[in-house]
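Shown here: upload-v2.cif, mmCIF, C-alpha atoms and all ligand atoms.
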```cif
data_target
loop_
_atom_site.label_atom_id
_atom_site.label_comp_id
_atom_site.auth_asym_id
_atom_site.auth_seq_id
_atom_site.Cartn_x
_atom_site.Cartn_y
_atom_site.Cartn_z
CA MET A 1 -68.11 12.48 12.91
CA ALA A 2 -66.14 15.71 12.67
CA HIS A 3 -64.12 16.39 9.56
CA ASN A 4 -60.52 16.73 10.84
CA ILE A 5 -58.22 19.19 9.11
CA LEU A 6 -54.57 19.89 9.81
CA VAL A 7 -53.93 23.61 9.24
CA THR A 8 -50.25 24.60 9.30
CA GLY A 9 -49.14 28.17 10.04
CA GLY A 10 -52.54 29.02 11.50
CA ALA A 11 -51.11 31.56 13.96
CA GLY A 12 -49.75 33.75 11.16
CA PHE A 13 -51.41 36.55 9.24
CA ILE A 14 -53.45 34.66 6.64
CA GLY A 15 -53.54 31.41 8.64
CA SER A 16 -55.38 33.00 11.57
CA HIS A 17 -58.14 34.25 9.26
CA VAL A 18 -58.38 30.82 7.66
CA VAL A 19 -58.52 29.02 11.04
CA ARG A 20 -61.27 31.36 12.28
CA ARG A 21 -63.39 30.81 9.16
CA PHE A 22 -63.16 27.00 9.45
CA VAL A 23 -63.68 26.89 13.24
CA GLN A 24 -66.89 28.90 12.80
CA ASP A 25 -68.17 26.02 10.68
CA LYS A 26 -68.86 23.34 13.30
CA LYS A 27 -68.63 20.41 10.91
CA TYR A 28 -64.84 20.87 11.01
CA HIS A 29 -62.31 20.05 13.71
CA ILE A 30 -59.12 22.07 13.25
CA VAL A 31 -55.66 21.11 14.46
CA ASN A 32 -53.39 24.14 14.05
CA LEU A 33 -49.69 23.21 13.85
CA ASP A 34 -47.49 26.29 14.15
CA LYS A 35 -43.90 26.82 15.27
CA LEU A 36 -44.67 30.35 16.54
CA THR A 37 -41.78 32.03 14.79
CA TYR A 38 -41.52 35.82 15.02
CA ALA A 39 -44.50 35.90 12.59
CA GLY A 40 -46.73 33.50 14.53
CA ASN A 41 -48.84 35.02 17.28
CA LEU A 42 -51.45 33.31 19.45
CA GLU A 43 -52.96 36.77 20.08
CA ASN A 44 -54.34 36.43 16.55
CA LEU A 45 -56.54 33.55 17.73
CA THR A 46 -57.82 34.49 21.20
CA ASP A 47 -61.44 34.42 19.99
CA VAL A 48 -61.23 30.77 18.88
CA GLU A 49 -58.77 29.28 21.39
CA ASN A 50 -61.50 27.81 23.62
CA GLU A 51 -63.73 26.44 20.86
CA VAL A 52 -64.33 22.68 21.17
CA ASN A 53 -63.52 22.09 17.50
CA TYR A 54 -60.11 23.79 17.74
CA GLU A 55 -56.75 22.52 18.97
CA PHE A 56 -53.32 24.20 18.91
CA VAL A 57 -50.05 22.28 18.61
CA LYS A 58 -46.76 24.18 18.87
CA GLY A 59 -44.31 22.50 16.54
CA ASP A 60 -42.26 22.55 13.38
CA ILE A 61 -43.57 21.19 10.07
CA SER A 62 -40.09 19.86 9.36
CA ASP A 63 -40.18 17.70 12.49
CA SER A 64 -41.18 14.49 10.68
CA VAL A 65 -41.68 12.51 13.91
CA LEU A 66 -44.17 15.04 15.25
CA VAL A 67 -45.96 15.36 11.92
CA GLN A 68 -46.25 11.59 11.55
CA LYS A 69 -47.58 11.34 15.12
CA LEU A 70 -50.26 13.94 14.41
CA PHE A 71 -51.37 12.01 11.33
CA GLU A 72 -51.64 8.83 13.44
CA LEU A 73 -53.50 10.58 16.27
CA HIS A 74 -56.07 12.38 14.12
CA ASP A 75 -57.64 10.82 11.12
CA PHE A 76 -57.14 13.92 8.94
CA GLU A 77 -59.48 14.34 6.01
CA GLY A 78 -57.41 17.22 4.75
CA VAL A 79 -54.37 19.44 5.15
CA ILE A 80 -54.39 23.19 4.52
CA HIS A 81 -50.73 24.10 4.38
CA LEU A 82 -49.89 27.75 5.03
CA ALA A 83 -46.79 27.52 7.26
CA ALA A 84 -43.89 29.29 5.60
CA GLU A 85 -41.20 31.87 5.89
CA SER A 86 -43.02 34.59 3.97
CA HIS A 87 -40.97 37.81 3.79
CA VAL A 88 -38.94 38.42 0.60
CA ASP A 89 -36.41 40.75 2.32
CA ARG A 90 -35.62 38.11 4.95
CA SER A 91 -35.14 35.52 2.22
CA ILE A 92 -32.45 37.73 0.69
CA SER A 93 -30.49 37.84 3.94
CA ASN A 94 -31.21 34.29 5.11
CA PRO A 95 -32.22 31.92 2.28
CA LEU A 96 -31.46 28.67 4.13
CA GLU A 97 -34.25 29.20 6.63
CA PHE A 98 -36.62 29.48 3.65
CA VAL A 99 -35.39 26.20 2.19
CA GLN A 100 -35.73 24.51 5.57
CA THR A 101 -39.35 25.48 6.19
CA ASN A 102 -40.80 26.08 2.75
CA VAL A 103 -39.18 23.15 0.95
CA ILE A 104 -38.15 20.55 3.55
CA GLY A 105 -41.13 21.33 5.81
CA THR A 106 -43.52 20.89 2.90
CA VAL A 107 -41.94 17.58 1.91
CA CYS A 108 -42.25 16.34 5.52
CA LEU A 109 -45.99 17.02 5.39
CA LEU A 110 -46.25 15.34 1.98
CA GLU A 111 -44.46 12.26 3.32
CA ALA A 112 -47.02 11.93 6.11
CA ALA A 113 -49.95 12.58 3.77
CA LYS A 114 -48.65 10.01 1.28
CA ASN A 115 -49.91 7.24 3.58
CA TRP A 116 -53.52 8.39 3.40
CA THR A 117 -53.69 9.06 -0.29
CA LYS A 118 -55.48 5.78 -0.98
CA GLY A 119 -58.49 6.99 1.03
CA GLU A 120 -61.41 8.61 -0.79
CA GLY A 121 -62.22 12.28 -0.37
CA LYS A 122 -58.90 13.44 1.12
CA LYS A 123 -57.31 16.71 0.08
CA PHE A 124 -53.85 18.22 0.52
CA TYR A 125 -54.29 21.94 -0.11
CA HIS A 126 -51.07 23.89 -0.62
CA ILE A 127 -51.27 27.68 -0.25
CA SER A 128 -48.84 29.42 -2.56
CA THR A 129 -48.01 32.75 -4.10
CA ASP A 130 -48.13 34.54 -7.45
CA GLU A 131 -44.40 35.28 -7.01
CA VAL A 132 -43.60 31.82 -8.43
CA TYR A 133 -44.45 33.23 -11.88
CA GLY A 134 -41.72 35.87 -11.70
CA SER A 135 -42.17 39.45 -12.80
CA LEU A 136 -44.45 41.00 -15.44
CA GLY A 137 -43.71 43.97 -17.68
CA SER A 138 -46.27 46.73 -17.93
CA GLU A 139 -48.88 44.44 -19.57
CA GLY A 140 -50.43 41.00 -19.17
CA PHE A 141 -51.52 38.80 -16.29
CA PHE A 142 -50.43 35.59 -14.57
CA THR A 143 -52.77 32.72 -15.40
CA GLU A 144 -52.63 29.13 -14.13
CA LYS A 145 -50.75 28.27 -17.33
CA THR A 146 -47.96 30.85 -16.89
CA SER A 147 -44.54 29.17 -16.65
CA TYR A 148 -42.72 29.34 -13.35
CA ASP A 149 -39.88 31.88 -13.22
CA PRO A 150 -39.16 32.66 -9.54
CA GLN A 151 -36.72 35.50 -8.96
CA SER A 152 -36.11 35.71 -5.18
CA PRO A 153 -34.99 33.06 -2.69
CA TYR A 154 -38.51 33.25 -1.20
CA SER A 155 -40.28 32.67 -4.51
CA ALA A 156 -37.76 29.97 -5.49
CA SER A 157 -38.55 28.12 -2.25
CA LYS A 158 -42.31 28.45 -2.82
CA ALA A 159 -41.95 27.33 -6.45
CA SER A 160 -39.98 24.33 -5.26
CA SER A 161 -42.69 23.43 -2.74
CA ASP A 162 -45.37 23.73 -5.46
CA HIS A 163 -43.33 21.36 -7.66
CA PHE A 164 -43.01 18.85 -4.81
CA VAL A 165 -46.78 18.89 -4.24
CA ARG A 166 -47.44 18.22 -7.94
CA ALA A 167 -44.72 15.55 -7.98
CA TYR A 168 -46.45 13.72 -5.10
CA GLY A 169 -49.72 13.98 -7.03
CA ASN A 170 -48.11 12.44 -10.10
CA THR A 171 -45.95 9.83 -8.35
CA TYR A 172 -48.06 8.74 -5.37
CA GLN A 173 -51.55 9.87 -6.48
CA LEU A 174 -51.66 12.42 -3.64
CA PRO A 175 -55.00 14.24 -4.01
CA PHE A 176 -53.83 17.86 -4.00
CA VAL A 177 -54.97 21.33 -4.91
CA ILE A 178 -52.81 24.48 -5.09
CA SER A 179 -53.73 28.15 -5.08
CA ASN A 180 -51.41 31.03 -5.95
CA CYS A 181 -52.47 34.34 -4.51
CA SER A 182 -51.44 37.97 -4.89
CA ASN A 183 -50.48 40.39 -2.06
CA ASN A 184 -52.77 40.21 0.96
CA TYR A 185 -53.43 43.03 3.40
CA GLY A 186 -55.68 43.45 6.44
CA PRO A 187 -55.87 42.91 10.22
CA ASN A 188 -53.02 40.96 11.89
CA HIS A 189 -50.57 41.68 9.06
CA PHE A 190 -47.05 41.58 10.47
CA PRO A 191 -45.52 45.10 10.27
CA GLU A 192 -42.45 44.09 8.28
CA LYS A 193 -44.70 44.08 5.17
CA LEU A 194 -45.37 47.32 3.28
CA ILE A 195 -48.88 48.35 4.39
CA PRO A 196 -48.66 47.65 8.15
CA LEU A 197 -45.08 48.96 8.24
CA LEU A 198 -46.29 52.27 6.79
CA ILE A 199 -49.24 52.46 9.19
CA ASN A 200 -46.92 51.87 12.14
CA ASN A 201 -44.35 54.40 10.91
CA ILE A 202 -46.94 57.10 10.22
CA LYS A 203 -48.32 56.56 13.74
CA ASN A 204 -44.83 57.03 15.13
CA ASN A 205 -43.85 59.88 12.81
CA ARG A 206 -41.03 57.82 11.32
CA PRO A 207 -39.75 57.92 7.68
CA LEU A 208 -41.69 55.81 5.15
CA PRO A 209 -39.03 53.76 3.31
CA ILE A 210 -39.98 53.28 -0.35
CA TYR A 211 -37.70 50.99 -2.34
CA GLY A 212 -36.29 52.42 -5.56
CA LYS A 213 -38.64 54.93 -7.15
CA GLY A 214 -41.85 53.36 -5.85
CA GLU A 215 -42.78 52.23 -9.35
CA ASN A 216 -43.27 48.53 -8.63
CA VAL A 217 -46.82 47.28 -8.96
CA ARG A 218 -48.65 44.82 -6.72
CA ASP A 219 -52.20 43.40 -6.90
CA TRP A 220 -53.75 43.73 -3.42
CA LEU A 221 -56.41 41.49 -1.90
CA TYR A 222 -58.14 41.87 1.48
CA VAL A 223 -57.14 38.91 3.66
CA GLU A 224 -60.75 37.92 4.46
CA ASP A 225 -61.44 37.59 0.74
CA HIS A 226 -58.46 35.25 0.50
CA ALA A 227 -59.79 33.21 3.43
CA VAL A 228 -63.19 32.91 1.72
CA ALA A 229 -61.47 31.72 -1.48
CA ILE A 230 -59.43 29.16 0.50
CA LYS A 231 -62.57 27.67 2.12
CA LEU A 232 -64.29 27.51 -1.27
CA ILE A 233 -61.30 25.82 -2.93
CA TYR A 234 -60.92 23.38 -0.02
CA GLU A 235 -64.59 22.42 -0.28
CA LYS A 236 -65.16 22.56 -4.03
CA GLY A 237 -61.84 22.85 -5.86
CA ARG A 238 -61.06 20.01 -8.24
CA ILE A 239 -58.26 17.60 -7.31
CA GLY A 240 -55.02 18.17 -9.22
CA GLU A 241 -55.99 21.73 -10.16
CA THR A 242 -54.39 25.11 -9.55
CA TYR A 243 -56.40 28.26 -8.87
CA ASN A 244 -55.02 31.79 -9.09
CA ILE A 245 -56.46 34.24 -6.57
CA GLY A 246 -56.15 38.01 -6.98
CA GLY A 247 -57.86 41.27 -6.25
CA PHE A 248 -58.13 42.67 -9.79
CA ASN A 249 -56.58 45.60 -7.93
CA GLU A 250 -53.19 46.81 -9.14
CA TRP A 251 -51.41 49.66 -7.42
CA LYS A 252 -48.07 51.28 -8.08
CA ASN A 253 -46.34 51.41 -4.67
CA ILE A 254 -46.03 55.19 -4.60
CA ASP A 255 -49.74 55.68 -5.42
CA LEU A 256 -50.71 53.25 -2.68
CA VAL A 257 -48.44 55.02 -0.19
CA GLU A 258 -49.97 58.40 -0.99
CA LEU A 259 -53.50 57.03 -0.64
CA LEU A 260 -52.59 55.52 2.72
CA CYS A 261 -50.87 58.73 3.90
CA ASP A 262 -54.00 60.76 3.14
CA MET A 263 -56.25 58.20 4.85
CA MET A 264 -54.03 58.17 7.94
CA ASP A 265 -53.99 61.99 8.08
CA GLU A 266 -57.77 61.99 8.09
CA LYS A 267 -57.98 59.29 10.79
CA LEU A 268 -55.34 60.94 13.00
CA GLY A 269 -56.77 64.43 12.54
CA ASN A 270 -53.57 65.65 10.86
CA GLN A 271 -53.43 68.39 8.31
CA LYS A 272 -53.61 66.93 4.77
CA GLY A 273 -50.10 66.30 3.42
CA THR A 274 -48.48 65.72 6.83
CA SER A 275 -47.75 62.02 6.31
CA ARG A 276 -46.64 62.39 2.68
CA LYS A 277 -43.70 64.44 4.00
CA LEU A 278 -42.39 61.26 5.65
CA ILE A 279 -41.96 59.47 2.29
CA THR A 280 -38.27 58.57 1.84
CA PHE A 281 -36.89 56.79 -1.22
CA VAL A 282 -34.30 54.20 -0.16
CA LYS A 283 -32.02 51.66 -1.82
CA ASP A 284 -34.04 49.21 -3.89
CA ARG A 285 -34.65 45.59 -2.91
CA ALA A 286 -32.16 43.30 -4.69
CA GLY A 287 -33.80 41.68 -7.72
CA HIS A 288 -37.05 43.56 -7.04
CA ASP A 289 -39.87 42.15 -9.22
CA LEU A 290 -41.49 44.98 -11.18
CA ARG A 291 -45.12 43.94 -11.43
CA TYR A 292 -47.51 41.18 -10.34
CA ALA A 293 -51.07 40.90 -11.66
CA ILE A 294 -53.35 37.91 -11.33
CA ASP A 295 -56.02 36.73 -13.71
CA ALA A 296 -58.49 35.04 -11.33
CA THR A 297 -61.05 34.21 -14.04
CA LYS A 298 -60.82 30.44 -13.49
CA LEU A 299 -61.72 30.76 -9.80
CA SER A 300 -64.55 33.19 -10.45
CA LYS A 301 -66.02 31.16 -13.36
CA GLU A 302 -65.65 27.74 -11.75
CA LEU A 303 -66.43 28.50 -8.11
CA GLY A 304 -68.19 31.88 -8.28
CA TRP A 305 -65.63 33.76 -6.13
CA LYS A 306 -64.91 37.44 -6.37
CA PRO A 307 -63.44 40.02 -3.97
CA SER A 308 -66.11 41.52 -1.71
CA LEU A 309 -64.52 44.92 -0.99
CA THR A 310 -63.03 47.80 -2.92
CA PHE A 311 -59.43 48.65 -2.04
CA GLU A 312 -60.48 51.88 -0.32
CA GLU A 313 -62.97 49.94 1.85
CA GLY A 314 -60.43 47.25 2.71
CA LEU A 315 -57.70 49.77 3.45
CA GLU A 316 -59.99 51.74 5.74
CA LYS A 317 -60.94 48.57 7.65
CA THR A 318 -57.22 47.77 7.93
CA VAL A 319 -56.25 51.22 9.21
CA ASP A 320 -59.13 51.13 11.72
CA TRP A 321 -58.01 47.70 12.94
CA PHE A 322 -54.41 48.81 13.50
CA LEU A 323 -55.46 52.03 15.23
CA GLY A 324 -57.87 50.04 17.42
CA ASN A 325 -55.33 47.37 18.35
CA GLU A 326 -52.47 49.38 19.81
CA LYS A 327 -51.41 46.63 22.20
CA TRP A 328 -51.12 44.06 19.40
CA LEU A 329 -48.97 46.45 17.40
CA THR A 330 -46.79 47.41 20.36
CA ASP A 331 -46.31 43.77 21.37
CA VAL A 332 -45.09 42.74 17.91
CA THR A 333 -42.95 45.79 17.23
CA THR A 334 -40.82 45.80 20.36
CA GLY A 335 -37.74 43.67 21.11
CA VAL A 336 -36.62 41.43 18.29
CA TYR A 337 -38.62 43.39 15.71
CA MET A 338 -36.61 46.55 16.43
CA ASN A 339 -33.33 44.66 15.88
CA TYR A 340 -34.60 43.52 12.48
CA TYR A 341 -35.84 47.03 11.65
CA GLU A 342 -32.55 48.68 12.49
CA GLU A 343 -30.47 46.12 10.62
CA HIS A 344 -32.66 46.32 7.54
CA TYR A 345 -33.34 50.06 7.25
CA ASN A 346 -30.48 51.93 8.96
CA ASN A 347 -28.14 53.46 6.36
CA ARG A 348 -30.23 52.05 3.52
P1 LIG B 401 -46.79 34.74 8.03
O1 LIG B 401 -45.32 34.90 7.93
O2 LIG B 401 -47.62 35.85 8.57
O3 LIG B 401 -47.13 33.43 8.90
C1 LIG B 401 -46.45 32.23 8.74
C2 LIG B 401 -46.86 31.30 9.86
O4 LIG B 401 -46.16 30.07 9.70
C3 LIG B 401 -46.48 31.84 11.26
O5 LIG B 401 -47.53 31.61 12.16
C4 LIG B 401 -45.25 31.02 11.65
O6 LIG B 401 -45.10 30.84 13.03
C5 LIG B 401 -45.56 29.70 10.93
N1 LIG B 401 -44.35 28.93 10.63
C6 LIG B 401 -43.21 29.37 10.04
N2 LIG B 401 -42.31 28.37 9.95
C7 LIG B 401 -42.91 27.27 10.49
C8 LIG B 401 -42.50 25.91 10.67
N3 LIG B 401 -41.28 25.50 10.29
N4 LIG B 401 -43.37 25.04 11.24
C9 LIG B 401 -44.60 25.45 11.63
N5 LIG B 401 -45.02 26.72 11.50
C10 LIG B 401 -44.20 27.62 10.92
O7 LIG B 401 -47.25 34.34 6.56
P2 LIG B 401 -48.59 34.74 5.77
O8 LIG B 401 -48.38 36.05 5.12
O9 LIG B 401 -49.76 34.51 6.64
O10 LIG B 401 -48.56 33.63 4.62
C11 LIG B 401 -49.14 32.35 4.81
C12 LIG B 401 -48.95 31.53 3.54
O11 LIG B 401 -49.57 32.18 2.44
C13 LIG B 401 -47.49 31.32 3.15
O12 LIG B 401 -47.35 30.03 2.66
C14 LIG B 401 -47.25 32.35 2.06
O13 LIG B 401 -46.25 31.91 1.18
C15 LIG B 401 -48.61 32.38 1.40
N6 LIG B 401 -48.97 33.64 0.73
C16 LIG B 401 -48.88 34.84 1.40
C17 LIG B 401 -49.29 36.00 0.77
C18 LIG B 401 -49.23 37.35 1.47
O14 LIG B 401 -49.47 38.37 0.82
N7 LIG B 401 -48.95 37.41 2.76
C19 LIG B 401 -49.78 35.96 -0.54
C20 LIG B 401 -49.83 34.71 -1.19
C21 LIG B 401 -49.44 33.56 -0.55
O1 LIG B 402 -47.45 38.50 -4.11
C1 LIG B 402 -47.63 37.71 -2.97
C2 LIG B 402 -46.53 37.98 -1.98
O2 LIG B 402 -46.78 39.28 -1.42
C3 LIG B 402 -46.46 36.94 -0.86
O3 LIG B 402 -46.14 35.69 -1.41
C4 LIG B 402 -45.40 37.33 0.18
O4 LIG B 402 -45.42 36.41 1.26
C5 LIG B 402 -45.76 38.72 0.71
O5 LIG B 402 -44.79 39.14 1.63
C6 LIG B 402 -45.87 39.73 -0.45
O6 LIG B 402 -44.56 39.98 -1.04
P1 LIG B 402 -44.07 41.44 -1.47
O7 LIG B 402 -42.60 41.45 -1.52
O8 LIG B 402 -44.80 41.94 -2.67
O9 LIG B 402 -44.64 42.29 -0.19
P2 LIG B 402 -43.97 43.46 0.68
O10 LIG B 402 -45.05 43.97 1.58
O11 LIG B 402 -42.68 43.07 1.29
O12 LIG B 402 -43.67 44.58 -0.42
C7 LIG B 402 -44.70 45.13 -1.22
C8 LIG B 402 -44.05 46.13 -2.18
O13 LIG B 402 -43.56 47.25 -1.41
C9 LIG B 402 -42.85 45.58 -2.91
O14 LIG B 402 -42.78 46.15 -4.21
C10 LIG B 402 -41.65 46.06 -2.07
C11 LIG B 402 -42.14 47.40 -1.55
N1 LIG B 402 -41.60 47.82 -0.22
C12 LIG B 402 -41.67 46.93 0.81
C13 LIG B 402 -41.18 47.25 2.07
C14 LIG B 402 -41.23 46.26 3.21
C15 LIG B 402 -41.09 49.09 -0.03
O15 LIG B 402 -41.06 49.91 -0.97
N2 LIG B 402 -40.61 49.42 1.22
C16 LIG B 402 -40.62 48.55 2.28
O16 LIG B 402 -40.15 48.93 3.38
#
```

Would you mind writing the file out in structure tokens?
Amino acid sequence: MAHNILVTGGAGFIGSHVVRRFVQDKKYHIVNLDKLTYAGNLENLTDVENEVNYEFVKGDISDSVLVQKLFELHDFEGVIHLAAESHVDRSISNPLEFVQTNVIGTVCLLEAAKNWTKGEGKKFYHISTDEVYGSLGSEGFFTEKTSYDPQSPYSASKASSDHFVRAYGNTYQLPFVISNCSNNYGPNHFPEKLIPLLINNIKNNRPLPIYGKGENVRDWLYVEDHAVAIKLIYEKGRIGETYNIGGFNEWKNIDLVELLCDMMDEKLGNQKGTSRKLITFVKDRAGHDLRYAIDATKLSKELGWKPSLTFEEGLEKTVDWFLGNEKWLTDVTTGVYMNYYEEHYNNR
């Protein structure tokens, strides 16, 4: 009998890589529940859409009737919950949407899963972010024991959803696991986020908007390495535990931007220094967290995971993917995307 998993948000950036990895393993049957918001894209999944162990359901995780029906229809062994509103800037302009999906949507899933918690071997796996820990100064790392201190509406909504998952574990014995990951990058990344936005703007000779002085630090992880970690944690992670996932790969924004500019110049056959001229410092993000850095020792010691690529290798793969997938990029950056772009960056 197939092992049925409900994946939520599987048409998004990270979700599509996770779905692909599980569908390739024929012992699993994947039901992908996704609302197809601006960030969800079935083009991310064309290579798996006809697989016999894959099914797509368009729907909202906060539609409790639909979610309950799916639980009745499929005898899920597990849930891998990725669906979320994920962009910090959007959470600053529209926090309620983040509460609706990230908090209420998560609780709807937990309510449905509550009924199967008595069964052996089930697992509710909640995918979360390192942003729940707040911001670091110039030293130190987030560990699984770091206290929560979310600073943006996005991270507050994710922290809340993490708390609800743990509360269901404590109150209803829901067998859960949570992972908190650092910044992902790679193919299919929606171009509102820093790296794909820069690639797209360099391609189109547009200014590269850098918030503040570009001194904020992020820890970058190639999306496939995150997907590998998620499969490992789903299969072997201990119930009730939290695992931090990170790239051991910190970059100050401005250094990352310069590296990317030089790589793009080489790929596009531009004279060195051409793209750096597009760098434009703009008004900072409100409440901008200074630094994130993950200590992923627990995951590497317990489950033997480590990132497989250097940042330069991952970034090159990413640039090659975006340059080789013009249609994908054009499709997602026309129409509604341009309205967002203009509202967010004009006169900044
Ligand atoms: P994304 O924005 O690219 O994709 C989100 C997906 O969720 C989309 O397919 C969207 O259609 C779907 N979705 C949104 N609201 C929904 C709803 N109400 N019902 C059903 N589907 C809905 O996000 P991502 O970057 O792939 O992130 C996935 C998860 O990983 C999120 O939970 C995010 O918080 C977490 N995370 C992301 C990163 C990162 O760097 N991108 C790092 C750590 C953790
Ligand atoms: O740390 C994990 C988080 O990483 C995830 O939980 C979020 O879903 C994901 O979006 C990401 O959040 P960030 O805010 O760190 O990512 P973003 O790509 O938006 O920004 C990365 C850094 O670049 C951050 O310091 C803000 C800065 N930035 C971003 C944009 C979009 C700019 O300087 N200019 C920009 O135009």

task: Residues within 7 Å of ligand LIG 401 (chain B) should be enumerated using all atoms listed in the file and returned as JSON, numbers by chain.
output: {"A": [8, 9, 10, 11, 12, 13, 14, 15, 33, 34, 35, 36, 37, 38, 39, 40, 41, 59, 60, 61, 62, 82, 83, 84, 85, 86, 87, 101, 105, 127, 128, 129, 130, 158, 180, 181, 182, 183, 184, 185, 189, 190]}

Sphere at (-46.0, 58.2, 12.3), radius 10 Å, counting all atoms listed in the file: residues as a list in words
Leu198, Ile199, Asn200, Asn201, Ile202, Lys203, Asn204, Asn205, Arg206, Pro207, Leu208, Cys261, Met264, Asp265, Leu268, Thr274, Ser275 and Leu278 of chain A

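Across the model, the gap from CA of Asn4 (chain A) to CA of Tyr28 (chain A) is 6.0 Å.
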
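Relative to CA of Ile80 (chain A), CA of Phe22 (chain A) is found at 10.8 Å.
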
Residues within 6 Å of Arg291 (chain A), all atoms listed in the file, excluding chain neighbours under 2 positions, as a list in words:
Ser135, Leu136, Asn216, Val217, Arg218 and Asp289 of chain A

Box time for ligand LIG 402 (chain B): axis-aligned, enclosing all its listed atoms, 6 Å extra on each side; report centre and edge lengths in Å to one decimal, as AutoDock Vina command-line options.
```
--center_x -43.9 --center_y 42.8 --center_z -0.4 --size_x 19.5 --size_y 26.2 --size_z 19.6
```

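Proximity to Val99 (chain A) was assessed for A:Val19, A:Val228, A:Ala159, A:Trp220 counting only C-alpha atoms; the smallest distance is recorded for A:Ala159.
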
Students should find that atom C14 of ligand LIG 402 (chain B) and CA of Thr333 (chain A) are spaced 14.1 Å

Item to complete: Show which residues sit within 10 Å of region 232-239 of chain A, as an NGL selection string. Count all atoms listed in the file, and ignore same-chain residues fewer than 3 positions away.
Response: :A and (78-80 or 121-126 or 169 or 174-179 or 226-229 or 242-243 or 299 or 302-305)
